[in-house]
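I have placed the structure first, in the form of structure tokens, so that the comments after it can refer back to it.
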Amino acid sequence: MSKTYLSTDQLAQRIPYASRTIRDVLKDSVLLEGVHYIRPFGRRKIFYIWEVIERDLLINRSDSFGIPMAAQGVSHG
């Protein structure tokens with residue numbers, strides 16, 4: 001399967017979040033290194049993996065009320 005690698009700005013164009021929000025809020029809390037993004041050659045540059053992010057957006061959509069948990073789960077009350 002081929003993967004689409006995006007910069008932070010390119011990802012911001014595809015999802016409704018600003019680049020700064022992705023970097024400061026979502027990265028390392030919702031978007032996890034090694035799962036949703038990589039740092040090629042151990043450098044500072046980050047590439048987000050679009051197919052994984054898109055899959056998780058569809059799986060984790062809020063159809064019902066839930067409280068996010070630390071281990072990425074959801075409590076339904």
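Identifiers in the structure tokens: chain A, B, ... in order shown; residue index from 1 per chain; ligand index from 1 in order shown.
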**Report entry** 12 Å contact set for Arg20 of chain A, only C-alpha atoms, chain neighbours under 6 positions out, as a PyMOL selection string
**Finding:** chain A and resi 8-9+11-12+26-27
Please save C-alpha atoms of the selected residues as an mmCIF file, in the first residue's frame.
```
data_model
loop_
_atom_site.group_PDB
_atom_site.id
_atom_site.type_symbol
_atom_site.label_atom_id
_atom_site.label_comp_id
_atom_site.auth_asym_id
_atom_site.auth_seq_id
_atom_site.Cartn_x
_atom_site.Cartn_y
_atom_site.Cartn_z
ATOM 1 C CA THR A 8 2.050 20.203 8.759
ATOM 2 C CA ASP A 9 0.752 22.889 6.388
ATOM 3 C CA LEU A 11 -2.285 18.399 6.694
ATOM 4 C CA ALA A 12 -3.888 21.647 7.891
ATOM 5 C CA LEU A 26 -2.601 17.509 18.442
ATOM 6 C CA LYS A 27 0.977 16.310 17.949
#
```
Requested in this report: Pick out the residues sitting within 12 Å of Leu31 of chain A, and hand them over as a PyMOL selection string; count only C-alpha atoms, and ignore anything fewer than 4 positions along from it in its own chain.
Outcome: chain A and resi 8+11+21-27+35-38+46-50+52-54+56-57+72
Can I get the selection written as a JSON list (two decimals), in the first residue's frame, with C-alpha atoms?
```
[["chain", "number", "residue", "atom", "x", "y", "z"],
["A", 8, "THR", "CA", 2.05, 20.20, 8.76],
["A", 11, "LEU", "CA", -2.29, 18.40, 6.69],
["A", 21, "THR", "CA", -2.86, 23.77, 16.52],
["A", 22, "ILE", "CA", -1.57, 20.60, 14.88],
["A", 23, "ARG", "CA", 1.98, 21.31, 16.13],
["A", 24, "ASP", "CA", 1.09, 22.57, 19.61],
["A", 25, "VAL", "CA", -2.03, 20.61, 20.58],
["A", 26, "LEU", "CA", -2.60, 17.51, 18.44],
["A", 27, "LYS", "CA", 0.98, 16.31, 17.95],
["A", 35, "VAL", "CA", 1.70, 5.85, 14.09],
["A", 36, "HIS", "CA", 0.44, 9.11, 12.58],
["A", 37, "TYR", "CA", 3.75, 10.77, 11.75],
["A", 38, "ILE", "CA", 7.42, 10.04, 11.25],
["A", 46, "ILE", "CA", 7.83, 15.78, 10.39],
["A", 47, "PHE", "CA", 5.83, 13.92, 7.77],
["A", 48, "TYR", "CA", 2.23, 13.02, 8.62],
["A", 49, "ILE", "CA", 0.82, 9.80, 7.15],
["A", 50, "TRP", "CA", -2.49, 10.79, 5.60],
["A", 52, "VAL", "CA", -3.62, 6.58, 8.98],
["A", 53, "ILE", "CA", -4.94, 9.98, 10.06],
["A", 54, "GLU", "CA", -7.93, 9.69, 7.72],
["A", 56, "ASP", "CA", -8.60, 7.40, 12.63],
["A", 57, "LEU", "CA", -10.75, 10.43, 11.85],
["A", 72, "GLN", "CA", -6.76, 6.60, 23.71]]
```
Requested in this report: May I ask for the distance between atom CA of Met69 of chain A and atom CA of Tyr17 of chain A, given in Å to one decimal place?
Outcome: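 Going from atom CA of Met69 of chain A over to atom CA of Tyr17 of chain A, I get 21.5 Å.
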